$ cat protein_28.cif   # mmCIF, C-alpha atoms
data_model
#
loop_
_atom_site.group_PDB
_atom_site.id
_atom_site.type_symbol
_atom_site.label_atom_id
_atom_site.label_comp_id
_atom_site.auth_asym_id
_atom_site.auth_seq_id
_atom_site.Cartn_x
_atom_site.Cartn_y
_atom_site.Cartn_z
ATOM 1 C CA MET Q 1 150.062 98.439 62.416
ATOM 2 C CA SER Q 2 148.641 95.340 60.795
ATOM 3 C CA TYR Q 3 151.540 93.333 62.212
ATOM 4 C CA LEU Q 4 150.647 94.337 65.780
ATOM 5 C CA THR Q 5 148.068 92.715 67.993
ATOM 6 C CA SER Q 6 144.966 94.854 68.351
ATOM 7 C CA ARG Q 7 145.886 95.744 71.901
ATOM 8 C CA GLN Q 8 149.328 96.911 70.788
ATOM 9 C CA ALA Q 9 147.755 98.884 67.943
ATOM 10 C CA VAL Q 10 145.492 100.713 70.371
ATOM 11 C CA HIS Q 11 148.519 101.626 72.492
ATOM 12 C CA THR Q 12 149.914 103.589 69.532
ATOM 13 C CA CYS Q 13 147.318 106.280 70.248
ATOM 14 C CA LEU Q 14 149.773 107.470 72.912
ATOM 15 C CA VAL Q 15 152.585 108.083 70.399
ATOM 16 C CA SER Q 16 151.288 111.468 69.233
ATOM 17 C CA PRO Q 17 147.994 113.284 68.570
ATOM 18 C CA GLN Q 18 148.289 112.334 64.889
ATOM 19 C CA TRP Q 19 148.304 108.647 65.861
ATOM 20 C CA ARG Q 20 145.336 108.834 68.207
ATOM 21 C CA TYR Q 21 142.749 107.365 65.834
ATOM 22 C CA LEU Q 22 144.875 105.374 63.378
ATOM 23 C CA TRP Q 23 144.169 102.071 65.137
ATOM 24 C CA ARG Q 24 140.485 102.437 64.300
ATOM 25 C CA SER Q 25 141.104 101.779 60.605
ATOM 26 C CA VAL Q 26 143.583 98.897 60.811
ATOM 27 C CA PRO Q 27 142.312 96.190 58.397
ATOM 28 C CA ARG Q 28 143.357 93.353 60.697
ATOM 29 C CA ILE Q 29 141.999 92.382 64.127
ATOM 30 C CA ASN Q 30 144.205 90.154 66.266
ATOM 31 C CA VAL Q 31 142.924 89.653 69.825
ATOM 32 C CA SER Q 32 144.157 87.081 72.330
ATOM 33 C CA ILE Q 33 143.083 86.167 75.855
ATOM 34 C CA GLU Q 34 146.728 85.391 76.568
ATOM 35 C CA GLU Q 35 147.579 89.102 76.563
ATOM 36 C CA PHE Q 36 145.354 89.531 79.615
ATOM 37 C CA GLU Q 37 146.523 86.586 81.699
ATOM 38 C CA GLY Q 38 147.773 87.531 85.143
ATOM 39 C CA GLN Q 39 146.194 90.981 84.953
ATOM 40 C CA HIS Q 40 143.532 92.461 87.174
ATOM 41 C CA ASN Q 41 141.471 95.620 87.310
ATOM 42 C CA SER Q 42 144.083 97.282 89.504
ATOM 43 C CA ASN Q 43 146.859 97.057 86.906
ATOM 44 C CA ASN Q 44 144.795 96.823 83.720
ATOM 45 C CA HIS Q 45 142.995 100.174 83.860
ATOM 46 C CA VAL Q 46 144.928 101.499 80.866
ATOM 47 C CA ALA Q 47 143.543 98.790 78.579
ATOM 48 C CA ILE Q 48 139.988 99.880 79.385
ATOM 49 C CA GLU Q 49 140.522 103.609 79.822
ATOM 50 C CA GLU Q 50 142.355 103.997 76.525
ATOM 51 C CA PHE Q 51 138.955 103.284 74.959
ATOM 52 C CA GLU Q 52 136.750 104.966 77.506
ATOM 53 C CA GLY Q 53 138.524 108.291 76.984
ATOM 54 C CA GLU Q 54 138.074 108.231 73.207
ATOM 55 C CA ASP Q 55 134.492 109.490 73.067
ATOM 56 C CA ASP Q 56 134.047 111.466 76.246
ATOM 57 C CA ASP Q 57 131.675 113.869 74.508
ATOM 58 C CA ASP Q 58 129.440 111.089 73.274
ATOM 59 C CA ASP Q 59 128.939 108.937 76.350
ATOM 60 C CA ASP Q 60 129.877 108.531 79.958
ATOM 61 C CA GLY Q 61 132.494 105.854 79.348
ATOM 62 C CA MET Q 62 130.027 102.995 79.339
ATOM 63 C CA SER Q 63 129.931 100.670 76.338
ATOM 64 C CA ILE Q 64 126.798 100.278 74.254
ATOM 65 C CA GLU Q 65 126.351 96.722 75.525
ATOM 66 C CA GLU Q 66 126.710 97.822 79.146
ATOM 67 C CA GLU Q 67 124.231 100.676 78.651
ATOM 68 C CA SER Q 68 121.568 98.413 77.153
ATOM 69 C CA GLN Q 69 122.026 95.799 79.845
ATOM 70 C CA GLY Q 70 121.861 98.428 82.574
ATOM 71 C CA GLU Q 71 118.323 99.334 81.532
ATOM 72 C CA ASP Q 72 117.148 95.812 82.335
ATOM 73 C CA ASP Q 73 118.973 95.281 85.627
ATOM 74 C CA ASP Q 74 117.165 93.212 88.220
ATOM 75 C CA ASP Q 75 116.266 94.664 91.591
ATOM 76 C CA ASP Q 76 119.499 93.380 93.079
ATOM 77 C CA GLY Q 77 121.441 95.677 90.738
ATOM 78 C CA MET Q 78 123.294 92.876 88.943
ATOM 79 C CA SER Q 79 123.361 93.039 85.130
ATOM 80 C CA SER Q 80 123.060 89.971 82.921
ATOM 81 C CA GLU Q 81 126.719 90.405 81.897
ATOM 82 C CA GLU Q 82 127.773 90.364 85.550
ATOM 83 C CA GLU Q 83 125.702 87.247 86.185
ATOM 84 C CA GLU Q 84 127.258 85.498 83.199
ATOM 85 C CA SER Q 85 130.756 86.578 84.261
ATOM 86 C CA GLU Q 86 130.451 85.281 87.809
ATOM 87 C CA GLY Q 87 132.247 82.074 86.834
ATOM 88 C CA ASP Q 88 134.826 83.822 84.626
ATOM 89 C CA ASP Q 89 138.302 84.666 85.772
ATOM 90 C CA GLU Q 90 138.952 88.386 86.062
ATOM 91 C CA HIS Q 91 141.269 88.452 83.054
ATOM 92 C CA GLU Q 92 138.520 86.803 80.953
ATOM 93 C CA VAL Q 93 136.080 89.552 81.926
ATOM 94 C CA LEU Q 94 138.641 92.236 81.052
ATOM 95 C CA PHE Q 95 139.375 90.566 77.709
ATOM 96 C CA LYS Q 96 135.708 90.466 76.718
ATOM 97 C CA ARG Q 97 135.212 94.112 77.691
ATOM 98 C CA PHE Q 98 138.291 95.081 75.705
ATOM 99 C CA VAL Q 99 137.156 93.339 72.512
ATOM 100 C CA ASN Q 100 133.580 94.614 72.793
ATOM 101 C CA ARG Q 101 134.872 98.170 73.137
ATOM 102 C CA LEU Q 102 137.381 97.682 70.325
ATOM 103 C CA LEU Q 103 134.652 96.625 67.902
ATOM 104 C CA GLU Q 104 132.390 99.470 68.993
ATOM 105 C CA LEU Q 105 134.950 102.179 68.350
ATOM 106 C CA ARG Q 106 136.764 101.001 65.232
ATOM 107 C CA ASN Q 107 135.784 102.548 61.910
ATOM 108 C CA PRO Q 108 133.524 100.496 59.606
ATOM 109 C CA VAL Q 109 136.354 99.598 57.234
ATOM 110 C CA THR Q 110 136.819 96.310 55.429
ATOM 111 C CA LEU Q 111 138.820 93.659 57.270
ATOM 112 C CA ASP Q 112 141.494 91.523 55.661
ATOM 113 C CA GLU Q 113 141.962 89.158 58.609
ATOM 114 C CA PHE Q 114 140.402 88.346 61.963
ATOM 115 C CA HIS Q 115 142.397 86.333 64.523
ATOM 116 C CA LEU Q 116 140.815 85.321 67.834
ATOM 117 C CA ARG Q 117 142.471 83.427 70.668
ATOM 118 C CA TYR Q 118 139.590 82.680 73.042
ATOM 119 C CA SER Q 119 139.174 80.871 76.362
ATOM 120 C CA VAL Q 120 136.467 78.502 77.562
ATOM 121 C CA SER Q 121 137.015 77.410 81.147
ATOM 122 C CA SER Q 122 134.130 74.936 81.444
ATOM 123 C CA ASN Q 123 133.405 71.713 79.583
ATOM 124 C CA THR Q 124 129.753 71.615 80.677
ATOM 125 C CA ARG Q 125 127.814 71.905 77.423
ATOM 126 C CA ASN Q 126 125.331 74.614 78.474
ATOM 127 C CA MET Q 127 127.987 76.641 80.266
ATOM 128 C CA SER Q 128 130.414 76.243 77.361
ATOM 129 C CA LEU Q 129 127.756 77.410 74.898
ATOM 130 C CA SER Q 130 126.975 80.430 77.072
ATOM 131 C CA ARG Q 131 130.641 81.370 77.364
ATOM 132 C CA SER Q 132 131.083 80.971 73.606
ATOM 133 C CA ARG Q 133 128.484 83.669 72.906
ATOM 134 C CA HIS Q 134 131.033 86.459 72.641
ATOM 135 C CA ALA Q 135 133.215 84.484 70.230
ATOM 136 C CA ASN Q 136 130.303 83.870 67.865
ATOM 137 C CA SER Q 137 129.278 87.521 68.040
ATOM 138 C CA TRP Q 138 132.799 88.720 67.238
ATOM 139 C CA ILE Q 139 133.159 86.295 64.334
ATOM 140 C CA SER Q 140 129.842 87.517 62.928
ATOM 141 C CA TYR Q 141 131.081 91.109 63.205
ATOM 142 C CA ALA Q 142 134.321 90.259 61.359
ATOM 143 C CA LEU Q 143 132.419 88.568 58.533
ATOM 144 C CA GLN Q 144 130.056 91.523 58.253
ATOM 145 C CA CYS Q 145 133.226 93.582 57.690
ATOM 146 C CA ASP Q 146 134.110 91.263 54.787
ATOM 147 C CA ALA Q 147 137.069 89.539 56.462
ATOM 148 C CA GLN Q 148 138.707 87.258 53.922
ATOM 149 C CA ALA Q 149 140.569 85.136 56.488
ATOM 150 C CA VAL Q 150 139.311 84.064 59.923
ATOM 151 C CA GLN Q 151 141.332 82.175 62.509
ATOM 152 C CA VAL Q 152 139.716 81.033 65.776
ATOM 153 C CA SER Q 153 141.328 79.008 68.567
ATOM 154 C CA SER Q 154 140.406 78.250 72.158
ATOM 155 C CA GLN Q 155 142.327 77.562 75.335
ATOM 156 C CA TYR Q 156 141.384 74.667 77.582
ATOM 157 C CA TYR Q 157 137.935 73.485 76.474
ATOM 158 C CA GLU Q 158 136.304 73.716 73.066
ATOM 159 C CA VAL Q 159 134.590 76.879 71.938
ATOM 160 C CA GLN Q 160 131.118 76.169 70.534
ATOM 161 C CA LEU Q 161 130.827 77.644 67.041
ATOM 162 C CA LEU Q 162 127.301 78.206 65.768
ATOM 163 C CA PRO Q 163 126.287 78.141 62.080
ATOM 164 C CA ALA Q 164 124.471 81.478 62.296
ATOM 165 C CA ALA Q 165 127.758 83.358 62.749
ATOM 166 C CA PHE Q 166 129.119 82.237 59.381
ATOM 167 C CA THR Q 167 127.600 84.235 56.569
ATOM 168 C CA SER Q 168 129.953 86.028 54.187
ATOM 169 C CA SER Q 169 130.495 86.388 50.464
ATOM 170 C CA SER Q 170 134.142 87.340 51.130
ATOM 171 C CA LEU Q 171 135.425 84.602 53.470
ATOM 172 C CA ASN Q 172 138.162 82.664 51.658
ATOM 173 C CA ARG Q 173 140.220 81.024 54.432
ATOM 174 C CA LEU Q 174 138.982 79.509 57.693
ATOM 175 C CA HIS Q 175 141.282 78.146 60.424
ATOM 176 C CA ILE Q 176 139.671 76.595 63.537
ATOM 177 C CA ASP Q 177 141.470 75.085 66.532
ATOM 178 C CA ASN Q 178 139.820 73.334 69.499
ATOM 179 C CA ALA Q 179 136.139 73.829 68.747
ATOM 180 C CA THR Q 180 132.825 72.053 68.511
ATOM 181 C CA LEU Q 181 131.181 72.665 65.136
ATOM 182 C CA ALA Q 182 127.464 72.649 65.864
ATOM 183 C CA PRO Q 183 124.928 70.731 63.722
ATOM 184 C CA GLY Q 184 124.320 72.519 60.434
ATOM 185 C CA PHE Q 185 127.754 74.160 60.465
ATOM 186 C CA PHE Q 186 128.926 72.785 57.111
ATOM 187 C CA ASN Q 187 125.560 73.331 55.452
ATOM 188 C CA GLN Q 188 125.771 76.982 56.498
ATOM 189 C CA LEU Q 189 129.292 77.258 55.068
ATOM 190 C CA GLN Q 190 128.008 75.843 51.788
ATOM 191 C CA MET Q 191 125.053 78.225 51.626
ATOM 192 C CA GLY Q 192 126.471 81.277 53.370
ATOM 193 C CA CYS Q 193 130.177 81.319 52.429
ATOM 194 C CA PRO Q 194 130.362 80.668 48.667
ATOM 195 C CA ALA Q 195 133.960 81.961 48.337
ATOM 196 C CA LEU Q 196 135.483 79.645 50.971
ATOM 197 C CA GLU Q 197 138.400 77.737 49.409
ATOM 198 C CA TYR Q 198 140.707 76.852 52.306
ATOM 199 C CA MET Q 199 139.758 75.180 55.600
ATOM 200 C CA PHE Q 200 142.067 74.025 58.392
ATOM 201 C CA LEU Q 201 140.586 72.132 61.358
ATOM 202 C CA HIS Q 202 142.656 71.145 64.386
ATOM 203 C CA ASP Q 203 141.332 69.187 67.366
ATOM 204 C CA CYS Q 204 137.637 69.667 66.549
ATOM 205 C CA LEU Q 205 134.387 67.826 67.215
ATOM 206 C CA ILE Q 206 132.225 67.733 64.072
ATOM 207 C CA MET Q 207 128.510 67.246 64.715
ATOM 208 C CA ASP Q 208 127.513 66.964 61.045
ATOM 209 C CA LEU Q 209 127.497 63.566 59.349
ATOM 210 C CA GLU Q 210 127.329 65.037 55.832
ATOM 211 C CA ILE Q 211 130.015 67.488 54.752
ATOM 212 C CA PHE Q 212 129.488 69.002 51.323
ATOM 213 C CA SER Q 213 131.269 71.962 49.778
ATOM 214 C CA SER Q 214 131.174 73.116 46.187
ATOM 215 C CA SER Q 215 133.869 75.755 46.791
ATOM 216 C CA LEU Q 216 136.602 74.166 48.941
ATOM 217 C CA LYS Q 217 139.945 73.541 47.225
ATOM 218 C CA VAL Q 218 142.092 72.719 50.267
ATOM 219 C CA LEU Q 219 140.848 70.775 53.311
ATOM 220 C CA ILE Q 220 143.160 69.952 56.227
ATOM 221 C CA PHE Q 221 142.243 67.848 59.266
ATOM 222 C CA SER Q 222 145.057 68.102 61.802
ATOM 223 C CA SER Q 223 145.493 66.423 65.190
ATOM 224 C CA GLU Q 224 142.380 64.762 66.589
ATOM 225 C CA ILE Q 225 139.252 65.223 64.494
ATOM 226 C CA ARG Q 226 136.172 63.600 65.991
ATOM 227 C CA PHE Q 227 132.949 62.848 64.180
ATOM 228 C CA ALA Q 228 129.866 62.598 66.399
ATOM 229 C CA CYS Q 229 128.604 59.361 64.891
ATOM 230 C CA ASP Q 230 125.929 57.900 67.146
ATOM 231 C CA HIS Q 231 124.670 54.352 66.732
ATOM 232 C CA GLY Q 232 127.369 53.382 64.254
ATOM 233 C CA GLY Q 233 126.664 56.214 61.803
ATOM 234 C CA GLN Q 234 129.204 57.092 59.152
ATOM 235 C CA ALA Q 235 130.274 60.558 58.069
ATOM 236 C CA SER Q 236 130.702 61.472 54.412
ATOM 237 C CA ILE Q 237 132.781 64.181 52.748
ATOM 238 C CA SER Q 238 131.950 65.471 49.267
ATOM 239 C CA ALA Q 239 133.878 68.290 47.606
ATOM 240 C CA PRO Q 240 133.893 68.372 43.790
ATOM 241 C CA ARG Q 241 136.438 71.235 43.533
ATOM 242 C CA LEU Q 242 138.826 69.913 46.188
ATOM 243 C CA ILE Q 243 142.442 69.771 44.991
ATOM 244 C CA SER Q 244 144.304 68.905 48.197
ATOM 245 C CA LEU Q 245 143.200 66.818 51.190
ATOM 246 C CA SER Q 246 145.148 66.184 54.388
ATOM 247 C CA MET Q 247 143.822 63.959 57.193
ATOM 248 C CA ASP Q 248 146.689 63.377 59.597
ATOM 249 C CA TYR Q 249 147.265 62.438 63.227
ATOM 250 C CA GLY Q 250 144.040 60.798 64.222
ATOM 251 C CA ILE Q 251 140.441 60.648 62.984
ATOM 252 C CA SER Q 252 138.015 59.520 65.675
ATOM 253 C CA GLY Q 253 134.621 58.012 65.082
ATOM 254 C CA ALA Q 254 132.734 54.784 64.881
ATOM 255 C CA ARG Q 255 133.832 54.385 61.251
ATOM 256 C CA LEU Q 256 136.085 56.130 58.783
ATOM 257 C CA PRO Q 257 134.295 58.812 56.722
ATOM 258 C CA ILE Q 258 133.242 58.081 53.160
ATOM 259 C CA LEU Q 259 135.035 60.190 50.555
ATOM 260 C CA THR Q 260 132.847 60.872 47.530
ATOM 261 C CA ASN Q 261 132.605 63.180 44.525
ATOM 262 C CA MET Q 262 136.199 64.450 44.470
ATOM 263 C CA PRO Q 263 137.053 64.452 40.750
ATOM 264 C CA SER Q 264 139.485 67.385 41.063
ATOM 265 C CA LEU Q 265 141.536 65.882 43.907
ATOM 266 C CA LYS Q 266 145.226 65.674 43.008
ATOM 267 C CA THR Q 267 147.144 65.302 46.272
ATOM 268 C CA ALA Q 268 146.240 63.620 49.546
ATOM 269 C CA SER Q 269 148.014 62.898 52.805
ATOM 270 C CA VAL Q 270 146.373 60.441 55.204
ATOM 271 C CA GLY Q 271 147.553 59.285 58.611
ATOM 272 C CA LEU Q 272 145.454 56.732 60.484
ATOM 273 C CA CYS Q 273 145.830 55.365 63.993
ATOM 274 C CA ALA Q 274 143.771 52.256 64.647
ATOM 275 C CA GLU Q 275 143.246 53.231 68.290
ATOM 276 C CA ASP Q 276 141.046 56.097 67.103
ATOM 277 C CA ILE Q 277 138.900 54.084 64.714
ATOM 278 C CA GLN Q 278 136.491 51.586 66.262
ATOM 279 C CA ALA Q 279 135.711 49.779 63.013
ATOM 280 C CA ARG Q 280 139.313 49.467 61.868
ATOM 281 C CA ASP Q 281 139.130 46.383 59.699
ATOM 282 C CA ALA Q 282 141.033 46.194 56.451
ATOM 283 C CA ASP Q 283 137.855 46.468 54.338
ATOM 284 C CA GLY Q 284 136.917 49.725 56.051
ATOM 285 C CA ILE Q 285 140.322 51.208 55.288
ATOM 286 C CA LYS Q 286 140.172 49.885 51.748
ATOM 287 C CA HIS Q 287 136.823 51.575 51.071
ATOM 288 C CA PHE Q 288 138.130 54.793 52.597
ATOM 289 C CA LEU Q 289 141.177 54.758 50.338
ATOM 290 C CA GLY Q 290 138.929 53.964 47.383
ATOM 291 C CA GLY Q 291 137.726 57.537 47.561
ATOM 292 C CA LEU Q 292 141.296 58.616 46.760
ATOM 293 C CA CYS Q 293 141.750 56.430 43.705
ATOM 294 C CA ASP Q 294 142.127 59.356 41.280
ATOM 295 C CA VAL Q 295 144.837 61.284 43.123
ATOM 296 C CA THR Q 296 148.250 61.655 41.510
ATOM 297 C CA THR Q 297 150.155 61.939 44.817
ATOM 298 C CA LEU Q 298 149.223 60.012 47.967
ATOM 299 C CA ASP Q 299 151.088 59.861 51.286
ATOM 300 C CA PHE Q 300 149.587 57.181 53.533
ATOM 301 C CA TYR Q 301 150.617 56.357 57.095
ATOM 302 C CA TYR Q 302 149.061 53.712 59.350
ATOM 303 C CA TRP Q 303 150.165 53.451 62.973
ATOM 304 C CA ASP Q 304 149.101 50.005 64.155
ATOM 305 C CA SER Q 305 149.502 46.321 63.478
ATOM 306 C CA LYS Q 306 149.916 45.178 59.915
ATOM 307 C CA VAL Q 307 146.789 44.889 57.776
ATOM 308 C CA SER Q 308 146.366 42.897 54.559
ATOM 309 C CA PHE Q 309 144.392 44.057 51.565
ATOM 310 C CA LEU Q 310 142.853 41.779 48.949
ATOM 311 C CA ILE Q 311 143.034 43.452 45.558
#
$ encode --input "protein_28.cif" --output "structure tokens"
Amino acid sequence: MSYLTSRQAVHTCLVSPQWRYLWRSVPRINVSIEEFEGQHNSNNHVAIEEFEGEDDDDDDGMSIEEESQGEDDDDDGMSSEEEESEGDDEHEVLFKRFVNRLLELRNPVTLDEFHLRYSVSSNTRNMSLSRSRHANSWISYALQCDAQAVQVSSQYYEVQLLPAAFTSSSLNRLHIDNATLAPGFFNQLQMGCPALEYMFLHDCLIMDLEIFSSSLKVLIFSSEIRFACDHGGQASISAPRLISLSMDYGISGARLPILTNMPSLKTASVGLCAEDIQARDADGIKHFLGGLCDVTTLDFYYWDSKVSFLI
């Protein structure tokens, strides 16, 4: 069952009575908004009811979250979840209900992996942060279940990932695609995730100027990585145990990041495009490459006009 998506795994409860509860102990959660696209309440009842029927003796089919919110309904009868979901597409609402119910009913067993394909349909900061709430809650749940590998990606606009969600002594691999990493994110990884050795970032906005990790061994920046460097600030990356570094296909920011304290670094692959770097003079590139002086293997690509270095 670990090779199935979580929705497919739940469907196996229909195979036979012996299979009814097996999905609850699968050590891998793989949920994707894409499985719910084009579906509505009228033809998606099975996805909800397959959960709602599980514990008929324990509740009336209403999730814990829905029950607690119902107690605080306003006079107009609209819950806070309904208010928040007013701007969501119907398939997004169904997806969130599905995952909430999935996490409620699964057994408290250790997770090996957690994969989340999310959707944020607004690029307004406050709205995006509000709609990212579920993602952060689910990630926190997975890490509380000792997930060793976490993969998070978002459709359309960036999901806002908050530092508070990332606390785990078991997390070893982290893969993030299309996200904003809030201020304090990397400090929280350093303090709260001491076993993290592999990080892959794709198309992310990094709000921290100082990135330090005493545990990372592999760091990959893929596609467009943007550093939020206001007023000409410069990001720095320090990782004393790092063995492999890849920074390909565009690094955006006022200046290239400073690479420091990487005595264990052996291999590096760097691809720079001058269009993405505002301060793209030869000296800036030279200082950047100076941080890689101890590597044994270096692949360097520069997509722009020729630059000359004075040795």
$ closest_residue --input "protein_28.cif" --among "Q:Lys96, Q:Lys286, Q:Arg106, Q:Arg173" --to "Val10 (chain Q)" --atoms "only C-alpha atoms"
Q:Arg106
$ residues_around --input "protein_28.cif" --residues "Leu111 (chain Q)" --least-positions-apart "5" --cutoff "10 Å" --atoms "all atoms listed in the file" --output "PDB file with C-alpha atoms, in the frame of the given file"
ATOM      1  CA  SER Q  25     141.104 101.779  60.605  1.00  0.00           C
ATOM      2  CA  VAL Q  26     143.583  98.897  60.811  1.00  0.00           C
ATOM      3  CA  PRO Q  27     142.312  96.190  58.397  1.00  0.00           C
ATOM      4  CA  ARG Q  28     143.357  93.353  60.697  1.00  0.00           C
ATOM      5  CA  ILE Q  29     141.999  92.382  64.127  1.00  0.00           C
ATOM      6  CA  ALA Q 142     134.321  90.259  61.359  1.00  0.00           C
ATOM      7  CA  LEU Q 143     132.419  88.568  58.533  1.00  0.00           C
ATOM      8  CA  GLN Q 144     130.056  91.523  58.253  1.00  0.00           C
ATOM      9  CA  CYS Q 145     133.226  93.582  57.690  1.00  0.00           C
ATOM     10  CA  ASP Q 146     134.110  91.263  54.787  1.00  0.00           C
ATOM     11  CA  ALA Q 147     137.069  89.539  56.462  1.00  0.00           C
ATOM     12  CA  GLN Q 148     138.707  87.258  53.922  1.00  0.00           C
ATOM     13  CA  ALA Q 149     140.569  85.136  56.488  1.00  0.00           C
ATOM     14  CA  VAL Q 150     139.311  84.064  59.923  1.00  0.00           C
ATOM     15  CA  SER Q 170     134.142  87.340  51.130  1.00  0.00           C
TER      16      SER Q 170
END
$ resolve_selection --input "protein_28.cif" --expression "the PyMOL selection byres ((chain Q and resi 242) around 7)" --output "ChimeraX atom specification"
/Q:216-218,239-241,243-244,262,264-265
$ residues_near_point --input "protein_28.cif" --point "(148.0, 91.1, 69.3)" --cutoff "7 Å" --atoms "only C-alpha atoms" --output "number ranges by chain"
Q: 4-8, 30-32
$ atom_distance --input "protein_28.cif" --atom1 "CA of Phe227 (chain Q)" --atom2 "CA of His175 (chain Q)"
17.8 Å
$ closest_residue --input "protein_28.cif" --among "Q:Ala135, Q:Leu209, Q:Ala179, Q:Cys193" --to "Phe166 (chain Q)" --atoms "only C-alpha atoms"
Q:Cys193
$ atom_distance --input "protein_28.cif" --atom1 "CA of Ser269 (chain Q)" --atom2 "CA of Asn187 (chain Q)"
24.9 Å
$ atom_distance --input "protein_28.cif" --atom1 "CA of His115 (chain Q)" --atom2 "CA of Gln18 (chain Q)"
26.7 Å
$ closest_residue --input "protein_28.cif" --among "Q:Thr267, Q:Ser246, Q:Ser16, Q:Ser236" --to "Ser223 (chain Q)" --atoms "all atoms listed in the file"
Q:Ser246
